[in-house]
Each structure stands twice: as structure tokens, then as C-alpha cells.
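Trainee: Sharing model15.txt (compact mmCIF, C-alpha atoms) below.
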# COMPACT_ATOMS: atom_id res chain seq x y z
CA MET A 13 14.05 -15.76 -10.34
CA GLU A 14 14.40 -14.82 -6.66
CA LYS A 15 13.43 -11.75 -4.68
CA SER A 16 14.65 -11.61 -1.09
CA TYR A 17 12.99 -9.96 1.90
CA ASP A 18 13.89 -10.01 5.59
CA PHE A 19 11.21 -12.57 6.41
CA LEU A 20 10.69 -14.57 3.20
CA HIS A 21 11.81 -15.03 -0.35
CA ILE A 22 10.01 -16.30 -3.43
CA ASP A 23 11.45 -18.48 -6.17
CA ALA A 24 9.35 -18.59 -9.34
CA THR A 25 9.65 -19.94 -12.87
CA VAL A 26 7.44 -20.42 -15.91
CA LYS A 27 6.81 -24.01 -16.99
CA ASP A 28 4.62 -24.75 -20.01
CA GLY A 29 3.31 -21.19 -19.82
CA LYS A 30 2.27 -21.47 -16.15
CA ILE A 31 3.84 -19.90 -13.05
CA GLU A 32 5.35 -22.15 -10.40
CA ALA A 33 6.45 -20.52 -7.14
CA CYS A 34 7.89 -21.54 -3.79
CA ALA A 35 8.09 -19.42 -0.63
CA GLY A 36 11.24 -19.70 1.48
CA GLY A 37 12.69 -18.03 4.54
CA VAL A 38 11.45 -17.96 8.13
CA LEU A 39 7.81 -17.55 7.09
CA GLY A 40 8.06 -19.66 3.94
CA ASP A 41 6.00 -22.62 5.15
CA ALA A 42 3.27 -20.39 6.60
CA ALA A 43 3.16 -18.26 3.45
CA GLN A 44 3.12 -21.10 0.91
CA PRO A 45 -0.67 -21.79 0.94
CA PHE A 46 -1.47 -18.15 0.19
CA LEU A 47 1.27 -17.99 -2.44
CA ASP A 48 -0.27 -21.10 -4.05
CA TYR A 49 -3.60 -19.28 -4.14
CA LEU A 50 -2.10 -16.14 -5.74
CA VAL A 51 -0.23 -18.19 -8.34
CA GLY A 52 -3.41 -20.12 -9.06
CA VAL A 53 -5.20 -16.84 -9.78
CA LEU A 54 -2.40 -15.76 -12.10
CA ASN A 55 -2.50 -19.07 -13.96
CA SER A 56 -6.25 -18.68 -14.48
CA LEU A 57 -5.81 -15.36 -16.28
CA LYS A 58 -5.36 -14.79 -19.99
CA VAL A 59 -1.79 -14.02 -21.05
CA ILE A 60 -2.02 -10.92 -23.27
CA ALA A 61 1.70 -10.78 -24.12
CA ARG A 62 5.05 -12.24 -23.20
CA GLN A 63 8.31 -10.49 -22.44
CA GLY A 64 11.25 -12.84 -22.55
CA GLU A 65 10.52 -15.64 -20.11
CA THR A 66 7.73 -13.74 -18.34
CA ASN A 67 3.97 -13.57 -18.79
CA ILE A 68 2.02 -10.32 -18.98
CA TYR A 69 -1.55 -10.70 -17.73
CA ASN A 70 -2.44 -7.00 -17.84
CA LEU A 71 -0.66 -3.67 -18.03
CA TYR A 72 -1.38 -2.73 -14.43
CA ASN A 73 0.82 -5.42 -12.91
CA PRO A 74 4.47 -6.34 -13.52
CA PRO A 75 5.29 -9.35 -15.71
CA GLN A 76 5.52 -12.66 -13.88
CA PRO A 77 7.89 -13.96 -12.79
CA SER A 78 10.09 -10.88 -12.57
CA ARG A 79 11.72 -9.09 -9.66
CA ALA A 80 9.01 -6.42 -9.68
CA GLY A 81 6.42 -9.18 -10.00
CA MET A 82 7.80 -11.01 -6.98
CA LYS A 83 7.63 -7.74 -5.05
CA ALA A 84 3.95 -7.48 -6.00
CA LEU A 85 3.24 -10.96 -4.66
CA ALA A 86 5.24 -10.28 -1.49
CA ARG A 87 3.21 -7.11 -0.88
CA LYS A 88 0.00 -9.14 -0.96
CA MET A 89 1.54 -11.73 1.37
CA ARG A 90 2.65 -9.07 3.85
CA GLU A 91 -0.89 -7.69 3.81
CA ARG A 92 -2.31 -11.13 4.55
CA ILE A 93 0.24 -12.06 7.22
CA PHE A 94 0.63 -8.73 9.02
CA GLY A 95 -2.57 -6.88 8.06
CA MET A 96 -0.48 -4.14 6.43
CA VAL A 97 -2.19 -1.95 3.84
CA LEU A 98 0.42 -0.86 1.30
CA PRO A 99 0.04 0.93 -2.05
CA ALA A 100 0.65 -1.08 -5.20
CA THR A 101 0.14 1.86 -7.56
CA ALA A 102 1.38 5.45 -7.48
CA ASN A 103 -0.39 7.77 -9.94
CA LEU A 104 1.88 10.80 -10.24
CA ALA A 105 0.93 13.94 -12.12
CA VAL A 106 4.19 15.39 -13.42
CA THR A 107 2.72 18.50 -15.05
CA SER A 108 -0.51 20.45 -15.26
CA LYS A 109 0.13 21.47 -18.84
CA CYS A 110 -1.82 19.94 -21.72
CA GLN A 111 -2.38 20.72 -25.40
CA CYS A 112 -6.03 19.68 -25.15
CA ASP A 113 -8.98 21.52 -23.66
CA CYS A 114 -11.20 18.51 -23.05
CA VAL A 115 -14.89 19.09 -22.48
CA HIS A 116 -14.77 16.39 -19.79
CA CYS A 117 -11.33 17.04 -18.25
CA SER A 118 -11.06 15.39 -14.83
CA TYR A 119 -7.94 17.43 -13.97
CA ASP A 120 -9.38 20.85 -14.75
CA LEU A 121 -10.34 21.84 -11.18
CA PHE A 122 -6.88 20.87 -9.90
CA LYS A 123 -5.12 23.43 -12.11
CA ASN A 124 -3.73 26.42 -10.24
CA THR A 125 -1.28 28.76 -11.95
CA GLN A 126 -0.46 30.35 -8.59
CA ARG A 127 1.09 27.16 -7.26
CA PRO A 128 4.52 25.80 -8.27
CA SER A 129 4.72 22.29 -9.66
CA LEU A 130 7.10 19.87 -8.00
CA SER A 131 10.65 19.95 -9.29
CA THR A 132 12.30 16.95 -10.93
CA ASP A 133 14.28 16.24 -7.76
CA GLU A 134 11.09 16.39 -5.69
CA LEU A 135 9.36 14.02 -8.09
CA LYS A 136 12.30 11.62 -7.88
CA SER A 137 12.01 11.68 -4.11
CA VAL A 138 8.31 10.81 -4.35
CA ILE A 139 9.13 7.91 -6.69
CA ASP A 140 11.69 6.60 -4.18
CA GLN A 141 9.24 6.96 -1.30
CA ALA A 142 6.50 5.19 -3.26
CA LEU A 143 8.83 2.29 -4.04
CA ASP A 144 9.85 2.07 -0.38
CA LEU A 145 6.17 1.90 0.61
CA GLY A 146 5.69 -1.09 -1.67
CA ALA A 147 4.53 0.32 -5.02
CA ASN A 148 5.18 -1.94 -8.01
CA LEU A 149 3.53 0.34 -10.60
CA ILE A 150 4.45 3.99 -11.16
CA ILE A 151 2.02 5.72 -13.54
CA PHE A 152 2.98 9.12 -14.93
CA VAL A 153 -0.04 11.30 -15.70
CA GLY A 154 -0.81 14.97 -16.18
CA GLY A 155 -1.94 17.17 -17.77
CA GLU A 156 0.06 15.61 -20.54
CA PRO A 157 3.14 13.92 -19.01
CA LEU A 158 5.17 14.24 -22.21
CA LEU A 159 5.11 18.02 -21.74
CA ASN A 160 7.41 17.57 -18.75
CA PRO A 161 10.87 17.99 -20.33
CA ASP A 162 12.38 15.58 -17.78
CA ILE A 163 9.87 12.77 -18.26
CA CYS A 164 12.48 10.32 -19.55
CA GLU A 165 14.74 11.14 -16.61
CA LEU A 166 11.83 10.37 -14.27
CA ILE A 167 11.05 7.10 -16.03
CA ARG A 168 14.70 6.12 -15.88
CA HIS A 169 14.69 6.86 -12.15
CA VAL A 170 12.13 4.11 -11.47
CA ASP A 171 14.00 1.06 -10.20
CA LYS A 172 12.81 -1.60 -12.68
CA ASP A 173 13.62 -4.36 -10.18
CA GLN A 174 10.91 -2.88 -7.97
CA ALA A 175 8.27 -1.49 -10.32
CA ILE A 176 7.18 -1.01 -13.89
CA ALA A 177 6.81 2.49 -15.32
CA SER A 178 3.64 3.41 -17.17
CA MET A 179 2.02 6.52 -18.63
CA PHE A 180 -1.36 7.92 -19.68
CA THR A 181 -1.06 10.24 -22.70
CA ASN A 182 -3.18 11.98 -25.31
CA GLY A 183 -0.76 10.67 -27.94
CA LEU A 184 0.11 13.96 -29.62
CA LEU A 185 3.81 13.76 -28.79
CA LEU A 186 4.42 10.08 -29.56
CA THR A 187 6.89 10.87 -32.32
CA ASP A 188 9.52 8.40 -33.52
CA GLU A 189 12.18 10.21 -31.51
CA ASN A 190 10.11 10.39 -28.33
CA CYS A 191 9.11 6.73 -28.55
CA ARG A 192 12.75 5.72 -28.88
CA LYS A 193 13.63 7.86 -25.85
CA LEU A 194 10.76 6.45 -23.80
CA ALA A 195 11.77 2.90 -24.64
CA SER A 196 15.41 3.61 -23.84
CA ALA A 197 14.38 5.09 -20.48
CA GLY A 198 12.56 1.86 -19.64
CA LEU A 199 8.87 2.73 -20.11
CA HIS A 200 7.06 -0.59 -19.84
CA CYS A 201 3.70 0.50 -21.23
CA LEU A 202 1.52 3.47 -22.02
CA TYR A 203 -2.17 4.12 -22.34
CA VAL A 204 -3.57 6.39 -25.05
CA SER A 205 -6.87 8.07 -24.16
CA VAL A 206 -9.55 7.80 -26.86
CA ASP A 207 -13.13 8.96 -26.30
CA SER A 208 -14.93 7.64 -29.37
CA PRO A 209 -14.50 5.27 -32.32
CA ARG A 210 -15.41 8.24 -34.54
CA PRO A 211 -12.38 10.50 -35.07
CA GLU A 212 -14.39 13.70 -35.42
CA VAL A 213 -16.18 13.11 -32.10
CA HIS A 214 -12.92 12.42 -30.27
CA ASP A 215 -11.27 15.50 -31.78
CA ASN A 216 -14.24 17.71 -30.90
CA LEU A 217 -14.37 16.49 -27.31
CA ARG A 218 -10.68 17.26 -26.86
CA ARG A 219 -10.73 20.35 -29.09
CA VAL A 220 -7.70 19.32 -31.13
CA LYS A 221 -8.18 18.65 -34.81
CA GLY A 222 -6.54 15.45 -36.04
CA LEU A 223 -5.87 14.17 -32.51
CA TYR A 224 -7.50 10.76 -33.05
CA GLN A 225 -5.28 9.91 -35.99
CA LYS A 226 -2.14 11.20 -34.28
CA ALA A 227 -2.93 9.16 -31.16
CA MET A 228 -3.37 5.96 -33.16
CA GLU A 229 -0.19 6.57 -35.16
CA GLY A 230 1.73 7.41 -31.98
CA ALA A 231 0.60 4.22 -30.26
CA ALA A 232 1.78 2.22 -33.27
CA ARG A 233 5.20 3.87 -33.02
CA ALA A 234 5.36 2.99 -29.33
CA ARG A 235 4.68 -0.68 -30.13
CA GLU A 236 7.35 -0.62 -32.83
CA ASN A 237 9.79 0.45 -30.12
CA GLY A 238 8.82 -2.39 -27.79
CA ILE A 239 6.46 -0.45 -25.52
CA PHE A 240 3.23 -2.24 -24.63
CA THR A 241 0.16 -0.13 -25.38
CA GLY A 242 -3.32 0.15 -23.99
CA LEU A 243 -6.30 2.22 -25.05
CA SER A 244 -8.17 4.08 -22.30
CA THR A 245 -11.80 5.09 -22.74
CA TYR A 246 -15.01 5.44 -20.77
CA ALA A 247 -18.56 4.21 -21.16
CA THR A 248 -21.63 6.44 -21.16
CA SER A 249 -25.26 5.45 -21.45
CA GLU A 250 -25.20 6.63 -25.05
CA SER A 251 -21.98 4.89 -26.08
CA LEU A 252 -23.23 1.61 -24.63
CA ALA A 253 -26.62 1.90 -26.31
CA ASN A 254 -25.31 2.86 -29.76
CA GLY A 255 -22.52 0.29 -29.76
CA ASP A 256 -19.62 2.77 -29.70
CA VAL A 257 -17.94 1.02 -26.75
CA GLU A 258 -17.82 -2.30 -28.57
CA LYS A 259 -16.76 -0.60 -31.81
CA LEU A 260 -13.81 0.98 -30.02
CA MET A 261 -12.87 -2.39 -28.53
CA ASN A 262 -12.69 -3.87 -32.01
CA ILE A 263 -10.71 -0.91 -33.33
CA ALA A 264 -8.23 -1.30 -30.46
CA ARG A 265 -7.73 -4.96 -31.28
CA ASP A 266 -7.37 -4.30 -35.02
CA GLU A 267 -4.83 -1.55 -34.34
CA GLY A 268 -2.70 -3.91 -32.25
CA PHE A 269 -3.26 -2.58 -28.73
CA HIS A 270 -2.45 -5.08 -26.01
CA GLU A 271 -5.28 -3.99 -23.73
CA ILE A 272 -8.26 -1.68 -23.41
CA THR A 273 -9.50 -0.13 -20.17
CA ILE A 274 -13.12 1.00 -20.04
CA PHE A 275 -13.84 3.36 -17.16
CA ASP A 276 -17.32 4.14 -15.94
CA CYS A 277 -18.43 7.71 -16.56
CA ILE A 278 -17.42 9.17 -13.16
CA PRO A 279 -18.62 12.60 -11.96
CA SER A 280 -15.31 14.39 -11.50
CA GLY A 281 -13.39 17.40 -12.76
CA LYS A 282 -15.55 19.65 -14.93
CA TYR A 283 -18.49 17.30 -14.27
CA LEU A 284 -17.95 16.92 -10.53
CA LYS A 285 -21.65 17.38 -9.68
CA SER A 286 -23.12 15.68 -12.76
CA THR A 287 -24.31 12.47 -11.14
CA GLU A 288 -26.93 12.01 -13.87
CA MET A 289 -24.06 10.86 -16.12
CA MET A 290 -23.35 7.79 -14.00
CA LEU A 291 -24.18 4.38 -15.44
CA SER A 292 -27.15 2.52 -14.04
CA GLU A 293 -26.64 -0.93 -12.57
CA ASP A 294 -28.23 -2.45 -15.67
CA GLU A 295 -25.77 -0.56 -17.86
CA LYS A 296 -22.86 -1.72 -15.70
CA ASN A 297 -24.12 -5.26 -16.13
CA GLN A 298 -24.07 -4.73 -19.89
CA LEU A 299 -20.48 -3.57 -19.65
CA ARG A 300 -19.54 -6.54 -17.46
CA ALA A 301 -21.09 -8.93 -19.96
CA LEU A 302 -19.23 -7.23 -22.80
CA ALA A 303 -15.89 -7.53 -21.00
CA LYS A 304 -16.54 -11.17 -20.15
CA LYS A 305 -17.54 -11.96 -23.72
CA TYR A 306 -14.19 -10.84 -25.10
CA ASN A 307 -12.01 -11.97 -22.20
CA ASP A 308 -13.50 -15.45 -22.58
CA SER A 309 -12.87 -15.40 -26.33
CA ASP A 310 -9.64 -16.18 -28.17
CA TRP A 311 -8.77 -12.47 -28.28
CA ASP A 312 -5.17 -11.88 -27.28
CA MET A 313 -6.07 -8.30 -26.26
CA GLY A 314 -7.09 -7.88 -22.62
CA VAL A 315 -10.25 -6.03 -21.56
CA ILE A 316 -10.31 -4.22 -18.20
CA ALA A 317 -13.71 -2.79 -17.20
CA GLN A 318 -14.07 -0.62 -14.13
CA ALA A 319 -17.62 -1.97 -13.74
CA VAL A 320 -16.01 -5.36 -13.06
CA VAL A 321 -12.84 -4.47 -11.18
CA ASN A 322 -14.30 -1.85 -8.83
CA SER A 323 -17.49 -3.76 -8.07
CA PRO A 324 -18.53 -5.66 -4.91
CA THR A 325 -17.69 -8.93 -6.68
CA GLY A 326 -14.38 -7.50 -7.85
CA ALA A 327 -11.74 -5.56 -5.97
CA GLY A 328 -13.90 -2.67 -4.80
CA CYS A 329 -12.46 0.83 -4.58
CA PHE A 330 -8.70 1.01 -5.09
CA GLY A 331 -8.40 4.48 -3.53
CA ALA A 332 -6.42 4.54 -0.27
CA TYR A 333 -6.09 0.77 -0.39
CA THR A 334 -3.88 -0.25 -3.28
CA GLN A 335 -3.25 3.16 -4.82
CA PHE A 336 -2.88 6.87 -4.31
CA TYR A 337 -2.79 9.87 -6.63
CA MET A 338 -0.60 12.97 -6.42
CA THR A 339 -1.27 16.25 -8.19
CA ALA A 340 1.52 18.11 -9.97
CA TYR A 341 1.71 20.34 -6.87
CA GLY A 342 2.29 17.46 -4.46
CA ASP A 343 -1.19 16.97 -2.99
CA VAL A 344 -1.92 13.31 -2.24
CA ASN A 345 -5.47 12.01 -2.79
CA PRO A 346 -6.97 8.49 -2.75
CA CYS A 347 -7.24 8.51 -6.56
CA ASP A 348 -7.24 10.89 -9.49
CA PHE A 349 -11.05 11.11 -9.52
CA ASN A 350 -11.33 11.75 -5.78
CA PRO A 351 -10.62 15.42 -4.87
CA ILE A 352 -10.02 14.96 -1.12
CA THR A 353 -6.39 15.45 -0.10
CA PHE A 354 -4.58 14.12 2.97
CA GLY A 355 -1.41 16.16 2.74
CA ASN A 356 1.32 17.57 0.53
CA VAL A 357 4.69 15.89 -0.03
CA SER A 358 6.42 19.26 0.33
CA ARG A 359 5.41 19.30 4.00
CA MET A 360 4.97 15.63 4.93
CA SER A 361 6.63 12.40 3.93
CA LEU A 362 4.64 10.13 1.65
CA LYS A 363 4.61 7.51 4.39
CA GLU A 364 3.06 9.97 6.85
CA ILE A 365 0.38 10.92 4.33
CA TRP A 366 -0.37 7.30 3.48
CA CYS A 367 -0.68 6.32 7.14
CA LYS A 368 -2.96 9.30 7.78
CA MET A 369 -5.13 8.29 4.83
CA VAL A 370 -5.56 4.62 5.72
CA ALA A 371 -6.23 5.47 9.39
CA HIS A 372 -9.12 7.80 8.55
CA PRO A 373 -12.54 6.38 9.54
CA ASP A 374 -13.85 6.74 5.98
CA PHE A 375 -10.74 5.20 4.36
CA CYS A 376 -9.58 2.56 6.82
CA TYR A 377 -11.63 -0.20 5.20
CA ARG A 378 -12.38 -1.54 1.77
CA TYR A 379 -15.27 0.08 -0.07
CA ALA A 380 -17.26 -2.36 -2.18
CA SER A 381 -17.38 0.05 -5.13
CA CYS A 382 -15.98 3.35 -6.39
CA ARG A 383 -16.44 6.00 -3.68
CA MET A 384 -17.08 8.71 -6.25
CA GLN A 385 -20.10 6.75 -7.46
CA THR A 386 -21.47 6.07 -3.96
CA PRO A 387 -24.32 8.29 -2.63
CA GLY A 388 -23.20 8.16 1.01
CA TYR A 389 -19.66 9.23 0.22
CA ARG A 390 -20.74 11.94 -2.21
CA ALA A 391 -23.24 13.34 0.30
CA LYS A 392 -20.49 13.94 2.85
CA TYR A 393 -17.58 14.96 0.62
CA ILE A 394 -18.80 16.12 -2.80
CA ASP A 395 -22.37 17.42 -2.76
CA ILE A 396 -21.58 20.12 -0.18
CA LEU A 397 -18.72 21.65 -2.20
CA PRO A 398 -19.43 25.07 -3.73
CA ASP A 399 -19.72 25.24 -7.50
CA ASP A 400 -16.64 27.46 -7.79
CA VAL A 401 -14.45 25.17 -5.64
CA ARG A 402 -10.77 24.80 -6.43
CA LEU A 403 -9.53 21.25 -5.87
CA PRO A 404 -8.26 19.34 -4.00
CA VAL A 405 -9.95 19.99 -0.66
CA PRO A 406 -8.18 19.05 2.62
CA VAL A 407 -9.88 16.22 4.49
CA GLU A 408 -9.79 18.41 7.61
CA ASN A 409 -12.50 20.58 6.02
CA PHE A 410 -15.07 17.85 6.57
CA ASP A 411 -16.68 16.78 9.79
CA GLY A 412 -19.66 14.74 10.87
CA PRO A 413 -20.07 10.99 11.41
CA PRO A 414 -18.28 8.46 9.21
CA VAL A 415 -19.94 7.32 6.01
CA PRO A 416 -22.06 4.21 6.77
CA ARG A 417 -20.15 1.01 6.22
CA ASN A 418 -22.95 -0.87 4.51
CA GLU A 419 -20.85 -0.84 1.31
CA PHE A 420 -17.94 -2.66 2.92
CA THR A 421 -16.88 -5.96 1.39
CA GLY A 422 -15.11 -8.40 3.65
CA SER A 423 -14.21 -11.13 1.18
CA GLY A 424 -10.44 -11.08 1.02
CA LYS A 425 -10.33 -13.99 -1.41
CA ARG A 426 -12.54 -12.28 -3.95
CA ARG A 427 -10.60 -9.03 -3.51
CA ASP A 428 -7.19 -10.62 -4.11
CA ALA A 429 -8.36 -12.32 -7.28
CA ALA A 430 -9.68 -9.07 -8.68
CA GLU A 431 -6.52 -7.15 -7.77
CA LEU A 432 -4.45 -9.60 -9.77
CA GLY A 433 -6.84 -9.05 -12.66
CA GLY A 434 -5.70 -5.48 -12.97
CA GLY A 435 -7.33 -2.08 -13.09
CA ARG A 436 -6.11 1.40 -12.50
Using C-alpha cells, write down the structure that the file contains.
Mentor:
Amino acid sequence: MEKSYDFLHIDATVKDGKIEACAGGVLGDAAQPFLDYLVGVLNSLKVIARQGETNIYNLYNPPQPSRAGMKALARKMRERIFGMVLPATANLAVTSKCQCDCVHCSYDLFKNTQRPSLSTDELKSVIDQALDLGANLIIFVGGEPLLNPDICELIRHVDKDQAIASMFTNGLLLTDENCRKLASAGLHCLYVSVDSPRPEVHDNLRRVKGLYQKAMEGAARARENGIFTGLSTYATSESLANGDVEKLMNIARDEGFHEITIFDCIPSGKYLKSTEMMLSEDEKNQLRALAKKYNDSDWDMGVIAQAVVNSPTGAGCFGAYTQFYMTAYGDVNPCDFNPITFGNVSRMSLKEIWCKMVAHPDFCYRYASCRMQTPGYRAKYIDILPDDVRLPVPVENFDGPPVPRNEFTGSGKRRDAAELGGGR
């Protein structure tokens, strides 16, 4: 399959389950060694599913080889050749509405009933701008994205030759009819959020009785309609110590999920100042060992752990490097956990906002780990916020010297390998 660009093109096939690729065009010869490296990383990863003649290594990257997959590889090659920093992932909130009232809601402080949400046409424009910037993954989030009546129209609007469409959902609205519509619109995958292997705990945390069972049943319906499914959860000190994280991993596999993502417990949203909830380094090491144990096993389900992906030996912080997040009102932040905004798409183009973000002294380089878990970053941007703050907060509100760069990681090789390994 071939994807053409003005300076190179990539031909790729699958042979005996492995990717083979050749770079052509004016820069083909110069690009081939790096392409060989990227393909080598892909071929070292576990294949969690197959779609036609393509391999799926995780749900955060397009199948390979596919047109969207070739675009993903070309983005990495442009970065290496030209030093361009381009977003791979656009996390787009398409509504602030939700049926749940989660104790731990990370979106809660973004809600503002006095502000209008973006229209469907405005959201389509953002999708187009994100694709033009280089995004190969469009993730629809909320609130609950299925409460946007035009969600299927938005999914259909994503050019599938350029990107895959994904979604994070609470699972309440994954009815037979909705799953058929989502599949018909071209939804590649969805993630169902589950907080605990114990249904009553999950339901209580989200304050919706029966939610756990409905989420599991909804995910099964999605799979029946050809949509790949992941389970999204987070690790706390307690859930690691009592075995709940591993229990949920086994439940996800038994249910038929293709992947599980385990986030660290990040101080954000309702718990913006609750740094005592963060995992210790020893606990992160436990989580890394758990992910490695199952990824090295014969499990066909993939395991993505933030403690691995966003670590100094992984990809580091994705925010303002390979991804951005947009609220339902159009504010663009580095990620959905980071409440600092660089502009609104109603007043600036997405390209202008992205360039402003990656030129900022605190965002123009790769952080070794999640900024929202880093003391230096939190001291400048989070700790000083008043308790009654309404998010997001414009970056112009902050002054003072840049955050010390002692957390910078300069190993491009290690970073590229981790990026291909996935992670939101």
C-alpha cells in the first residue's frame, strides 16, 4: 500500500506477519535507515488483532500497513528529518454533558454552563485542521461523547485514509442500534472506562446504579459490530496493593477486550490539588512489572501502562509533543489532565495554537515524565491556583522563569520506540 507525500512515499506490505517497507521519492534513500528502525520497532511488538491484511499493535495507532498508518510513519520521519513537532493525537471533547457524577471526574472543573459548546460545523473544522497538522488518531471524549446527537456525523467526517477514529465512553449508551451506527460511521475502536473489578464500587464511584454491567454489555455489543474495544482504568496505591488492578486486567481479557490502558492516579479535575494520591516510584515499578508480565506472556490482549509509556525510559510526556486536548468550548490544552490553555479555536486557527504551544519555553522540549506529576511543573502552574478556580487557565496568567529542564530526556531512539508502543 502506498502513501504519497511531496518529498517521499512509503510502500509497505505484510509478509509472514511482519511489516516490510521501502521509502521512495527525493528523500527516499536518506529516509530508509530511519524507516527500517521504525519498522523494526513495529515488528518487535505484539500483534493484538488483525484487520484484513493489516496488523494492530495497539488501539492508539492506525493498523499497519494502512494509509493512515503510513501517514503515522511519515510524520515521525518528517520530525526526524526536519525537526518538526507535529501532533499525532487530537483529543476532542464534543460535549460537556454526562449521565454520571463521578467522584473523581477530571472534566468537572472545565464545565461552564455560561459558555456555548462548539457547533458540529466548528468541530468538523477542528477535525480537518488536526488532520492537516498531521494527526493520525482522533479521539472523541466528553463528558460522554455519545450524548452529542451528531457524534456519528463527526466520526464519519474523519478521513479514514488519514486517521482512525476512537472514543472514550462510560458505556451506558452502547445499545445495539448505537453500536451499529458507530460501526457504520467508521469508528475504529472505543475505550470503556471502568474503575474497579467490583461492580458495586464502580457504580458508587460514578453514582449510577448498574453502570458496570451496562458498560461490559455495551462493549460486547461493540465487538459484535466489528469495533475494537479497550478498557480504561487507573491505578491507586490501594488497588495495586489489594490486587484490584490485576483482577481487572484478567476480567478485561476474559470479557474479550483487545486492550487495557492503566493510567496513573493523576491529580486533576476534582482532585487537582490532591498530590498525595500519586503513585510512588516503587508503586510505578510494580505497575511496570505487571504490564511487562502480561505483555511478555501469550496473552493476545495488549496492556498499556502510563507508568511505562510516560516514563523517562518510555516516551515521556505526550502533552504538546504528540498530542493536544480541546475542551467542548474550543480551548486547546496540552492534554486532558493539564488545565493550561494556549488559545481557543473560535479565535485562532489550530495551527496557530499548536505553534504557540510548542514554542513556549516550558513546552518546547520533551519532558521525561507526565508534567502533572512533576513537582517543578506543578509548583509553577498548579499549586498557585485558587481552590475555586474554573478551568482551563490561559498560559498568559503565569510568569516567572521556565521550569528547570532537569527532567528533559534527549534519547530520540528510546522515545520513538515508546511512541510506537502506544498510549493516550
Trainee: Do you have the atom CA of A:Tyr246-atom CA of A:Val138 distance handy?
Mentor: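 Pair atom CA of A:Tyr246 / atom CA of A:Val138 returns 29.0 Å.
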Trainee: Using only C-alpha atoms for the distances, tell me which of A:Ala105, A:Cys112, A:Ala301, A:Met96 is nearest to A:Cys367.
Mentor: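 Distance minimum relative to A:Cys367 lands on A:Met96.
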Trainee: Rank A:Asn356, A:Leu194, A:Ile278, A:Pro387 by their smallest atom-to-atom distance to A:Gln318, using all atoms listed in the file, and report the top residue only.
Mentor: A:Ile278
Trainee: So, with all atoms listed in the file as the atoms that count, which of A:Leu199, A:Ile139, A:Ala147, A:Leu47 lies closest to A:Thr101?
Mentor: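 Distance minimum relative to A:Thr101 lands on A:Ala147.
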Trainee: Distance atom CA of A:Met338-atom CA of A:Pro279, one decimal place?
Mentor: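 Atom CA of A:Pro279 lies at a distance of 18.9 Å from atom CA of A:Met338.
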